Structure formats: C-alpha cells, structure tokens
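Some notes on the structure that comes next.
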Amino acid sequence: MSLEMYREYVLDLYKNPLNKGIIENPSHEFMKNNPLCGDEIKIQLVIKNNKIENLKFDGIGCAISMASASLLTEKLKNLTIEEAKNINKDDILELIKIPLSPVRIKCALLSLDVLRGALENARN
Amino acid sequence: MKTILKKMLDVKKEFPIFKSNPGLVYLDNAATSQKPKTVIESLKNFYEKENANIHRGVYTLSEVATEKYEESRKIIARFINANPEEIIFTKNTTESLNLLSYTIQELIEKGKNEIILTEMEHHSNLVPWQQMAKRNNFKIKFIPIKNFELDYDKAQELITEKTALLSITHVSNVFGTINSIDKLIGIAKVNNVLTIIDAAQSIQHISVDVKKLNCDFLVFSGHKMFGPTGIGILYGKKELLEKLSPFMTGGGMIEKVSYEKASWNEIPLKFEAGTQNIGGVIALGEATNYLEKIGINNIREHEKELLEYALDKLNEIKNIEIYNPGKDKSLSVISFNIKEIHPHDVASILNDYNIAIRAGHHCCMPLMKKLNIPGTCRISLSIYNTKEDIDSLINGLKKVQEVFK
C-alpha cells in the first residue's frame, strides 16, 4: 500500500521543507531533473575548509522527493566532503524510512544524484 | 445513449485483463489500451498453428502466414481508406516518424527549409525533427496554443512557401484537443508543403479517412487500438512512397543483390527489411476488425458521454485545475492538477484503490514548461470504461485530498 509512504512526517516535510531556498554565493551548486517525471532539484553548498558550512535545496517535486531532499540536506550539515561523498542509496532509504516501489525510489534518490553533481561542481 | 452504455458493459467482458484484475479501474488508455480476447487468441493461434516466415517459403505454412499477413494490410488499408501498398508496417508511431525524418529529404524542393510542428507535440513528433533539422540545417517553427487549442491564425502566418513540411498531431495526448487538421492540411497544400499526421491518439476514437484528409503521410501505433505492442503503421501516398529511399536495408526489401550493390523491392516491401512482427501484424488486423465490429461511431458516442460525465464530476472537486478545451472540442482525455499535490502523489494514492492513471509530463516536456507546471494527472477513457470508473476516481481523489489535508 502506498498509503504507507505518506506518513505524517513525510507530509510535514512536504508542506514545510527543511533547508529549502537560495544561497546568494554558494561555492558549489548543481541542478538536475528526473526525466521520468520532469521534477527538478537544485542543491547549493557553501564549503569552507573541506566542510559543508551551509546548504540549501530548491525545486519542485512530489512529497517523496521533497521529503528526501529535506532529510538529506539536514544530514549534510557540517559533514566533510569525503563524508558527503560516501552517502549512498541505503543511507537515503534509511533516512526516509518508508517502503518505496522501484519507480518511487527514483523520486527519493533524485536529491542524492544532485548532491553528487554539486560536490563535483565548484563555482569559479 | 443509454443503450450504447449498456452495450459497452458487455464489451468489458471481452477483455481478460479485467477478469485477472478484479476491480481494476484502468484510466490510462492514451498510454496503451487493453487487449480483447480475440486479439490475444489471434497471437496464440498464429504461434501454435500457423507460425512460419513469410514471402519466401513455398510450403503451405509459409503461404498461409503470408496470406494472413497481407490480409492484415488490406484490413488496415480499408480502415483508413488507403490502398494496401500504401500501408507500411513499422514498430510503432515513433519508428514511423523516424523513418520519415530520415528519408523525406528527397521529397523536399530546393529553397524550402522550414518545418512546422505544434507546441502540443509528443516527443516522438518533436525529437526526430530536431535531429532532421540539425542534419539538414532546417529551422523548426511551432504553431502556438491558446486555451488548449491551436492558434489557427498564427498557423496561417507560419506556413509559407519556405515551409518544407508540416507534422502535427491529430489529437493532443495531454489535453485531448481534436485539432482541425483538415484546415491545416488545406493551408499546407496551397504552399506545396508535405503533410504528416500523427494519429496515435485519434485512430481508436474517431474516423480517420486519408483520402478525405488528403494528408501525405499518417502514422499510428497498434497497441493503442487494442492490438499488440511492437507493431505500428506508416501510411504514405503511393507516388511519394515510391520516391522515398528505404530507411532500413537488408533481407526482404531487395529486388536484386550482388556483392557490390542492390536494388529495391516495390512498395510496401521496400520499407519492411528483415523478418517482420508477423504475429503482431496479424493480431493488429484482428484488432482492427474488432474496432470496426463495435463501430467507431458507437465508440465516439460512448466516450463522449463518459467525457461529459467525467468533466462534470471533476469540476466539483475542490482546488482542481483542468487542462481541457471542453467536451465538444476534445476526445476522452483529461489532464488536471490538484492544488499543492504533486501528480505523482495523486497517482500513487489512487493506485491503492486499484485506479490506474498517468502522472507526469506525458512525453511533452516543453509543453509542461510552457504551462509552467511540472506535470499533470491524466485520465484517458476507452470503450470498456464506465460511469462507475469515474465515480471510483472521484472517490479516490477525495481520499488523496484527505491524506494531504
């Protein structure tokens, strides 16, 4: 049952996302869309001394992709680049804690993809 | 009206999917239709009793397979009022359009270098032309949309003596809009423009007559008209098909081959290289027979009544936005969004109630961008749908709103 997916905290994060917005001068940023649904997420990072000091995500998406972006960005705060790079699919599923069908897993993993792009994409 | 709806209830029994999936509310017919028993039986019958390769065998089995394959071509030709040699079997609409985008150059007069599409094309009638334009240094222009319909005044301005070809969808797979293709073909003819009609979304719902339309090419897929997947149609006027070079070369499509060179078979075989989807072709003939038996006018009437019912009921839903030009201007396709709920979430929750709808960009990413939305929820109806299906949808949508309250 997909109703399992729409738990209170997922819906809360959809309505009131964490770390959503724009950073004026990020050191790193990346945007990507999910070709399946057209959803688009951007992640901006401020990395200083190898550490993520600040970050925001922006975009539109379903409850699953928005909740997962909130949870991922929350986890990333103060991580080193290496620690951020080591975050994998299982970590995301662990964070979101809901059963997902193969199609909807892609929604949950979009922000992880964007993060990987952002870590490689320093501005200047 | 009532009698037609009742007759259609019996139709549902002819589709085994509903027996295997009791309670299934299938509202994704624009993506693919379900298959009637007679079509499934036809495939089974071919592989169990008649399987052989066509055109070359001199033994009985091969002759029977060839006869049935060619009979299918005749059935489909009759269905759209074409001649059998004007019917080319392909894999699907996409392959038919790719075939044209790679070969049509030879038909284009010098000095013409513009392609006219519409803003509501499916990626399959956009991307092949983008590639063709890149190869030949052509320019693509788009007929804009106004209130979910084409802007025909703008179309008149866009189609000029510089236009090489016009490739347009008969019916929008997002809005359900029935485009006035006769009007556009008329404007094209005055300017000596080649015309291609994408009938993927119309062929199973309304009558399509290529002679009346006077289009040069028309393409569609079998799987959306109760046939199997993997079989599509390219119709082309005989004199044009004869001028075109083959798209794919190899066995079956040749007249004579030496180590150095080859010459081509006559149409339609010139375009059917390699062993074809024989079982699929025969089953598509069966699907066409099935469609004709029910009658395209009965189908239209049934779906019109359902569309009207669905639009009325959907309009009662709170915070809904509907993307449809209205019941008289559209086929049974309705796109909508519920405020602040993403289409994927709507579709996921409806799935819990055994309701299958489509959510996303419907292979129309530029159109979604123009509408400034990430995607839509879409329902598309067919002959076996009922008013009860619509009621289930409406109840389901209320549940969705409860979850997201």
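Note on naming: chains are A, B, ... as they come in the structure tokens, residues start from 1 per chain, ligands start from 1 in the order shown.
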Contacts of range 106-123 of chain B at 8 Å (only C-alpha atoms; same-chain gap of 5+ positions) as a PyMOL selection string: chain B and resi 129+133+137-145+150+158-159+161-169+172-174+194+240+243-244+362-367
Compute the chain A side of the contact with chain B at 12 Å, counting only C-alpha atoms, and hand it back as JSON, numbers by chain. {"A": [1, 2, 3, 4, 5, 6, 7, 8, 9, 10, 11, 12, 13, 14, 15, 33, 34, 35, 36, 37, 38, 39, 40, 41, 59, 60, 61, 62, 63, 64, 65, 66, 100, 101, 103, 104, 106, 107]}
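Near Ala52 in chain B, within 7 Å and counting only C-alpha atoms, sit Leu61, Ser62 and Ala65 of chain B, not including residues fewer than 3 positions from it in the same chain.
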From the options B:Ile88, B:Val127, B:Val257, B:Ile181, which residue's atoms come nearest to Lys270 in chain B, counting only C-alpha atoms? B:Ile88
Mind checking which residues fall within 6 Å of Asp216 in chain B, counting only C-alpha atoms, ignoring those fewer than 5 positions away in the same chain, and posting them as a ChimeraX atom specification? /B:195,236-237
Can you pull out every residue from chain A that DSSP, working from the backbone, puts in alpha helix (DSSP H), and format the result as a count of residues only? 54
Which residues are near Ala31 in chain B? Cut-off 12 Å, only C-alpha atoms, ignore same chain within fewer than 5 positions. Put them as a CSV table (one decimal) with all heavy atoms, in the first residue's frame.
```csv
chain,number,residue,atom,x,y,z
B,26,TYR,N,-9.1,1.1,-15.0
B,26,TYR,CA,-8.0,1.4,-16.0
B,26,TYR,C,-8.3,2.7,-16.7
B,26,TYR,O,-9.2,2.7,-17.6
B,26,TYR,CB,-7.8,0.3,-16.9
B,26,TYR,CG,-6.5,0.5,-17.8
B,26,TYR,CD1,-5.2,0.3,-17.2
B,26,TYR,CD2,-6.6,0.8,-19.1
B,26,TYR,CE1,-4.1,0.5,-18.0
B,26,TYR,CE2,-5.5,1.1,-19.9
B,26,TYR,CZ,-4.3,0.9,-19.3
B,26,TYR,OH,-3.1,1.1,-20.1
B,122,HIS,N,3.9,15.4,-29.0
B,122,HIS,CA,4.6,14.3,-28.2
B,122,HIS,C,6.1,14.4,-28.6
B,122,HIS,O,6.4,14.7,-29.7
B,122,HIS,CB,3.9,13.0,-28.5
B,122,HIS,CG,4.3,11.8,-27.7
B,122,HIS,ND1,5.5,11.2,-27.9
B,122,HIS,CD2,3.7,11.2,-26.7
B,122,HIS,CE1,5.6,10.2,-27.0
B,122,HIS,NE2,4.5,10.2,-26.3
B,173,ASN,N,-2.2,14.4,-26.8
B,173,ASN,CA,-2.2,13.3,-25.7
B,173,ASN,C,-2.3,13.9,-24.3
B,173,ASN,O,-2.4,13.2,-23.4
B,173,ASN,CB,-1.0,12.4,-25.9
B,173,ASN,CG,0.3,13.1,-25.5
B,173,ASN,OD1,0.5,14.2,-25.9
B,173,ASN,ND2,1.1,12.4,-24.7
B,174,VAL,N,-2.2,15.2,-24.2
B,174,VAL,CA,-2.3,15.9,-22.9
B,174,VAL,C,-3.7,16.5,-22.7
B,174,VAL,O,-4.3,16.3,-21.7
B,174,VAL,CB,-1.2,17.0,-22.8
B,174,VAL,CG1,-1.4,17.7,-21.4
B,174,VAL,CG2,0.2,16.3,-22.9
B,200,ALA,N,-1.8,8.7,-33.5
B,200,ALA,CA,-1.7,7.8,-32.4
B,200,ALA,C,-2.8,7.9,-31.4
B,200,ALA,O,-3.3,6.9,-30.9
B,200,ALA,CB,-0.3,8.0,-31.7
B,201,GLN,N,-3.3,9.2,-31.2
B,201,GLN,CA,-4.3,9.3,-30.2
B,201,GLN,C,-5.7,9.5,-30.8
B,201,GLN,O,-6.7,9.6,-30.0
B,201,GLN,CB,-4.0,10.6,-29.4
B,201,GLN,CG,-2.8,10.5,-28.5
B,201,GLN,CD,-2.9,9.5,-27.4
B,201,GLN,OE1,-3.9,9.0,-27.1
B,201,GLN,NE2,-1.7,9.0,-26.9
B,221,SER,N,0.1,3.7,-33.9
B,221,SER,CA,0.6,2.5,-33.2
B,221,SER,C,-0.6,1.5,-33.0
B,221,SER,O,-1.7,1.9,-32.8
B,221,SER,CB,1.1,2.9,-31.8
B,221,SER,OG,2.3,3.6,-31.9
B,222,GLY,N,-0.3,0.3,-33.1
B,222,GLY,CA,-1.3,-0.8,-32.9
B,222,GLY,C,-1.7,-0.9,-31.5
B,222,GLY,O,-2.9,-1.2,-31.2
B,223,HIS,N,-0.8,-0.7,-30.6
B,223,HIS,CA,-1.1,-1.1,-29.2
B,223,HIS,C,-2.1,-0.1,-28.5
B,223,HIS,O,-2.6,-0.4,-27.5
B,223,HIS,CB,0.2,-1.2,-28.4
B,223,HIS,CG,0.9,0.1,-28.1
B,223,HIS,ND1,0.6,0.8,-27.0
B,223,HIS,CD2,1.7,0.9,-28.9
B,223,HIS,CE1,1.4,2.0,-27.0
B,223,HIS,NE2,2.0,2.0,-28.1
B,224,LYS,N,-2.3,1.0,-29.1
B,224,LYS,CA,-3.3,2.0,-28.5
B,224,LYS,C,-4.7,1.7,-29.1
B,224,LYS,O,-5.6,2.3,-28.7
B,224,LYS,CB,-2.9,3.4,-28.8
B,224,LYS,CG,-1.6,3.9,-28.1
B,224,LYS,CD,-1.4,5.3,-28.2
B,224,LYS,CE,0.0,5.8,-28.1
B,224,LYS,NZ,0.5,5.8,-26.7
B,225,MET,N,-4.7,0.8,-30.1
B,225,MET,CA,-6.0,0.5,-30.7
B,225,MET,C,-6.4,-1.0,-30.6
B,225,MET,O,-6.8,-1.6,-31.5
B,225,MET,CB,-6.1,0.9,-32.2
B,225,MET,CG,-4.9,0.4,-33.0
B,225,MET,SD,-5.0,0.9,-34.8
B,225,MET,CE,-6.3,-0.2,-35.4
B,226,PHE,N,-6.1,-1.5,-29.4
B,226,PHE,CA,-6.4,-2.9,-29.0
B,226,PHE,C,-5.5,-4.0,-29.6
B,226,PHE,O,-5.8,-5.1,-29.4
B,226,PHE,CB,-7.9,-3.2,-29.2
B,226,PHE,CG,-8.8,-2.1,-28.8
B,226,PHE,CD1,-9.6,-1.3,-29.6
B,226,PHE,CD2,-8.9,-1.7,-27.4
B,226,PHE,CE1,-10.4,-0.3,-29.2
B,226,PHE,CE2,-9.7,-0.7,-26.9
B,226,PHE,CZ,-10.4,0.0,-27.8
B,229,THR,N,1.7,-4.8,-28.7
B,229,THR,CA,2.8,-3.8,-28.7
B,229,THR,C,3.7,-4.3,-29.8
B,229,THR,O,3.7,-5.4,-30.2
B,229,THR,CB,3.5,-3.7,-27.4
B,229,THR,OG1,3.9,-5.0,-27.0
B,229,THR,CG2,2.7,-3.0,-26.3
B,333,VAL,N,-9.8,12.5,-23.1
B,333,VAL,CA,-8.5,12.6,-22.4
B,333,VAL,C,-8.7,13.9,-21.5
B,333,VAL,O,-9.1,14.9,-22.0
B,333,VAL,CB,-7.3,12.8,-23.4
B,333,VAL,CG1,-6.1,13.1,-22.6
B,333,VAL,CG2,-7.2,11.6,-24.3
B,356,ALA,N,-5.8,3.2,-12.1
B,356,ALA,CA,-4.6,3.4,-12.9
B,356,ALA,C,-4.7,4.7,-13.7
B,356,ALA,O,-5.5,4.7,-14.6
B,356,ALA,CB,-4.3,2.2,-13.8
B,357,ILE,N,-4.0,5.7,-13.3
B,357,ILE,CA,-4.0,6.9,-14.1
B,357,ILE,C,-2.5,7.3,-14.4
B,357,ILE,O,-1.6,6.7,-13.8
B,357,ILE,CB,-4.6,8.2,-13.4
B,357,ILE,CG1,-3.7,8.7,-12.3
B,357,ILE,CG2,-6.0,7.9,-12.9
B,357,ILE,CD1,-4.0,10.1,-11.9
B,358,ARG,N,-2.3,8.2,-15.3
B,358,ARG,CA,-0.9,8.6,-15.6
B,358,ARG,C,-0.6,9.9,-14.9
B,358,ARG,O,-1.4,10.8,-14.8
B,358,ARG,CB,-0.7,8.7,-17.1
B,358,ARG,CG,0.8,8.9,-17.5
B,358,ARG,CD,1.1,8.1,-18.7
B,358,ARG,NE,1.2,6.7,-18.5
B,358,ARG,CZ,2.2,6.0,-18.6
B,358,ARG,NH1,3.4,6.5,-18.9
B,358,ARG,NH2,2.2,4.7,-18.3
B,359,ALA,N,0.7,10.0,-14.5
B,359,ALA,CA,1.1,11.3,-13.9
B,359,ALA,C,2.5,11.6,-14.4
B,359,ALA,O,3.3,10.8,-14.5
B,359,ALA,CB,1.1,11.2,-12.4
B,362,HIS,N,4.0,13.4,-19.7
B,362,HIS,CA,3.3,12.7,-20.8
B,362,HIS,C,4.2,12.9,-22.1
B,362,HIS,O,3.6,13.1,-23.2
B,362,HIS,CB,1.9,13.3,-21.0
B,362,HIS,CG,1.2,13.4,-19.8
B,362,HIS,ND1,0.8,12.3,-19.0
B,362,HIS,CD2,0.7,14.5,-19.1
B,362,HIS,CE1,0.2,12.7,-17.9
B,362,HIS,NE2,0.1,14.0,-17.9
B,363,CYS,N,5.5,12.8,-22.0
B,363,CYS,CA,6.4,13.0,-23.1
B,363,CYS,C,6.1,14.3,-23.8
B,363,CYS,O,6.2,14.4,-25.0
B,363,CYS,CB,6.2,11.8,-24.1
B,363,CYS,SG,6.9,10.3,-23.4
B,378,ARG,N,-3.4,12.6,-15.6
B,378,ARG,CA,-4.2,12.4,-16.8
B,378,ARG,C,-5.0,11.2,-16.8
B,378,ARG,O,-4.5,10.1,-16.5
B,378,ARG,CB,-3.2,12.3,-18.0
B,378,ARG,CG,-4.0,12.2,-19.4
B,378,ARG,CD,-3.0,11.9,-20.5
B,378,ARG,NE,-2.6,10.6,-20.5
B,378,ARG,CZ,-1.6,10.1,-21.3
B,378,ARG,NH1,-1.1,10.8,-22.2
B,378,ARG,NH2,-1.3,8.8,-21.2
B,379,ILE,N,-6.3,11.3,-17.1
B,379,ILE,CA,-7.1,10.1,-17.3
B,379,ILE,C,-7.4,10.1,-18.8
B,379,ILE,O,-7.6,11.1,-19.5
B,379,ILE,CB,-8.4,10.1,-16.5
B,379,ILE,CG1,-9.3,11.3,-16.9
B,379,ILE,CG2,-8.1,10.1,-15.0
B,379,ILE,CD1,-10.8,11.1,-16.4
B,380,SER,N,-7.5,8.9,-19.4
B,380,SER,CA,-7.9,8.7,-20.8
B,380,SER,C,-8.8,7.5,-20.9
B,380,SER,O,-8.5,6.4,-20.3
B,380,SER,CB,-6.6,8.6,-21.6
B,380,SER,OG,-5.8,7.6,-21.1
B,381,LEU,N,-10.0,7.7,-21.5
B,381,LEU,CA,-11.0,6.7,-21.4
B,381,LEU,C,-11.1,5.8,-22.7
B,381,LEU,O,-10.7,6.3,-23.8
B,381,LEU,CB,-12.3,7.4,-21.2
B,381,LEU,CG,-12.3,8.3,-20.0
B,381,LEU,CD1,-13.6,9.2,-20.0
B,381,LEU,CD2,-12.2,7.6,-18.7
B,382,SER,N,-11.7,4.7,-22.6
B,382,SER,CA,-11.9,3.8,-23.7
B,382,SER,C,-13.2,3.1,-23.7
B,382,SER,O,-14.0,3.4,-22.8
B,382,SER,CB,-10.7,2.8,-23.8
B,382,SER,OG,-10.8,2.1,-25.0
```
All strand (DSSP E) residues (DSSP, backbone) inside range 360-397 of chain B, as a short mmCIF file (atom, residue, chain, number, x, y, z; two decimals) with C-alpha atoms, in the first residue's frame:
```cif
data_model
loop_
_atom_site.label_atom_id
_atom_site.label_comp_id
_atom_site.auth_asym_id
_atom_site.auth_seq_id
_atom_site.Cartn_x
_atom_site.Cartn_y
_atom_site.Cartn_z
CA GLY B 360 3.98 13.30 -15.26
CA THR B 376 -0.31 16.73 -14.77
CA CYS B 377 -2.52 13.87 -13.75
CA ARG B 378 -4.16 12.43 -16.83
CA ILE B 379 -7.11 10.15 -17.35
CA SER B 380 -7.90 8.73 -20.77
#
```
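Distance-wise, CA of Ala188 in chain B and CA of Gln156 in chain B end up 8.9 Å apart.
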Show which residues sit within 9 Å of Lys56 in chain A, as an mmCIF file with N, CA, C and O atoms, in the first residue's frame. Count only C-alpha atoms, and ignore same-chain residues fewer than 6 positions away.
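What landed in part22.cif:
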```
data_model
loop_
_atom_site.group_PDB
_atom_site.id
_atom_site.type_symbol
_atom_site.label_atom_id
_atom_site.label_comp_id
_atom_site.auth_asym_id
_atom_site.auth_seq_id
_atom_site.Cartn_x
_atom_site.Cartn_y
_atom_site.Cartn_z
ATOM 1 N N LEU A 18 12.681 21.477 4.948
ATOM 2 C CA LEU A 18 13.845 21.993 5.659
ATOM 3 C C LEU A 18 14.906 22.395 4.632
ATOM 4 O O LEU A 18 15.077 21.722 3.621
ATOM 5 N N ASN A 19 15.611 23.441 4.916
ATOM 6 C CA ASN A 19 16.745 23.897 4.086
ATOM 7 C C ASN A 19 16.349 24.200 2.641
ATOM 8 O O ASN A 19 17.124 23.951 1.728
ATOM 9 N N LYS A 20 15.144 24.683 2.445
ATOM 10 C CA LYS A 20 14.712 24.999 1.094
ATOM 11 C C LYS A 20 14.913 26.490 0.857
ATOM 12 O O LYS A 20 14.562 27.305 1.715
ATOM 13 N N GLY A 21 15.514 26.824 -0.244
ATOM 14 C CA GLY A 21 15.714 28.236 -0.563
ATOM 15 C C GLY A 21 16.932 28.438 -1.440
ATOM 16 O O GLY A 21 17.399 27.505 -2.087
ATOM 17 N N ILE A 22 17.421 29.665 -1.453
ATOM 18 C CA ILE A 22 18.520 30.033 -2.348
ATOM 19 C C ILE A 22 19.656 30.631 -1.535
ATOM 20 O O ILE A 22 19.420 31.395 -0.602
ATOM 21 N N ILE A 23 20.873 30.273 -1.897
ATOM 22 C CA ILE A 23 22.057 30.906 -1.302
ATOM 23 C C ILE A 23 22.643 31.851 -2.353
ATOM 24 O O ILE A 23 22.796 31.463 -3.514
ATOM 25 N N LYS A 42 17.641 21.582 -7.245
ATOM 26 C CA LYS A 42 18.949 22.242 -7.252
ATOM 27 C C LYS A 42 19.491 22.183 -5.835
ATOM 28 O O LYS A 42 18.740 22.375 -4.872
ATOM 29 N N ILE A 43 20.781 21.887 -5.695
ATOM 30 C CA ILE A 43 21.412 21.951 -4.373
ATOM 31 C C ILE A 43 22.574 22.942 -4.456
ATOM 32 O O ILE A 43 23.364 22.915 -5.405
ATOM 33 N N GLN A 44 22.634 23.815 -3.477
ATOM 34 C CA GLN A 44 23.743 24.776 -3.386
ATOM 35 C C GLN A 44 24.485 24.525 -2.077
ATOM 36 O O GLN A 44 23.863 24.302 -1.035
ATOM 37 N N LEU A 45 25.802 24.568 -2.146
ATOM 38 C CA LEU A 45 26.619 24.298 -0.954
ATOM 39 C C LEU A 45 27.579 25.452 -0.719
ATOM 40 O O LEU A 45 28.053 26.079 -1.671
ATOM 41 N N THR A 73 19.599 17.097 3.125
ATOM 42 C CA THR A 73 20.298 18.358 3.395
ATOM 43 C C THR A 73 20.518 18.543 4.899
ATOM 44 O O THR A 73 21.536 19.081 5.322
#
```
Can you list, as a PyMOL selection string, every protein, DNA or RNA residue that comes within 6 Å of Ile231 in chain B when you count only C-alpha atoms, leaving out same-chain residues fewer than 4 positions away? chain B and resi 90-92+222
Selection to disk with N, CA and C atoms, as a CSV table (one decimal), in the first residue's frame:
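Listed below is the output, again27.csv:
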```
chain,number,residue,atom,x,y,z
B,90,THR,N,5.6,-0.9,-39.3
B,90,THR,CA,6.8,-0.5,-38.5
B,90,THR,C,6.6,-1.0,-37.1
B,91,LYS,N,7.5,-0.5,-36.2
B,91,LYS,CA,7.4,-1.0,-34.8
B,91,LYS,C,6.3,-0.2,-34.0
B,92,ASN,N,6.2,1.1,-34.3
B,92,ASN,CA,5.3,2.0,-33.6
B,92,ASN,C,5.3,3.3,-34.3
B,222,GLY,N,-0.3,0.3,-33.1
B,222,GLY,CA,-1.3,-0.8,-32.9
B,222,GLY,C,-1.7,-0.9,-31.5
```
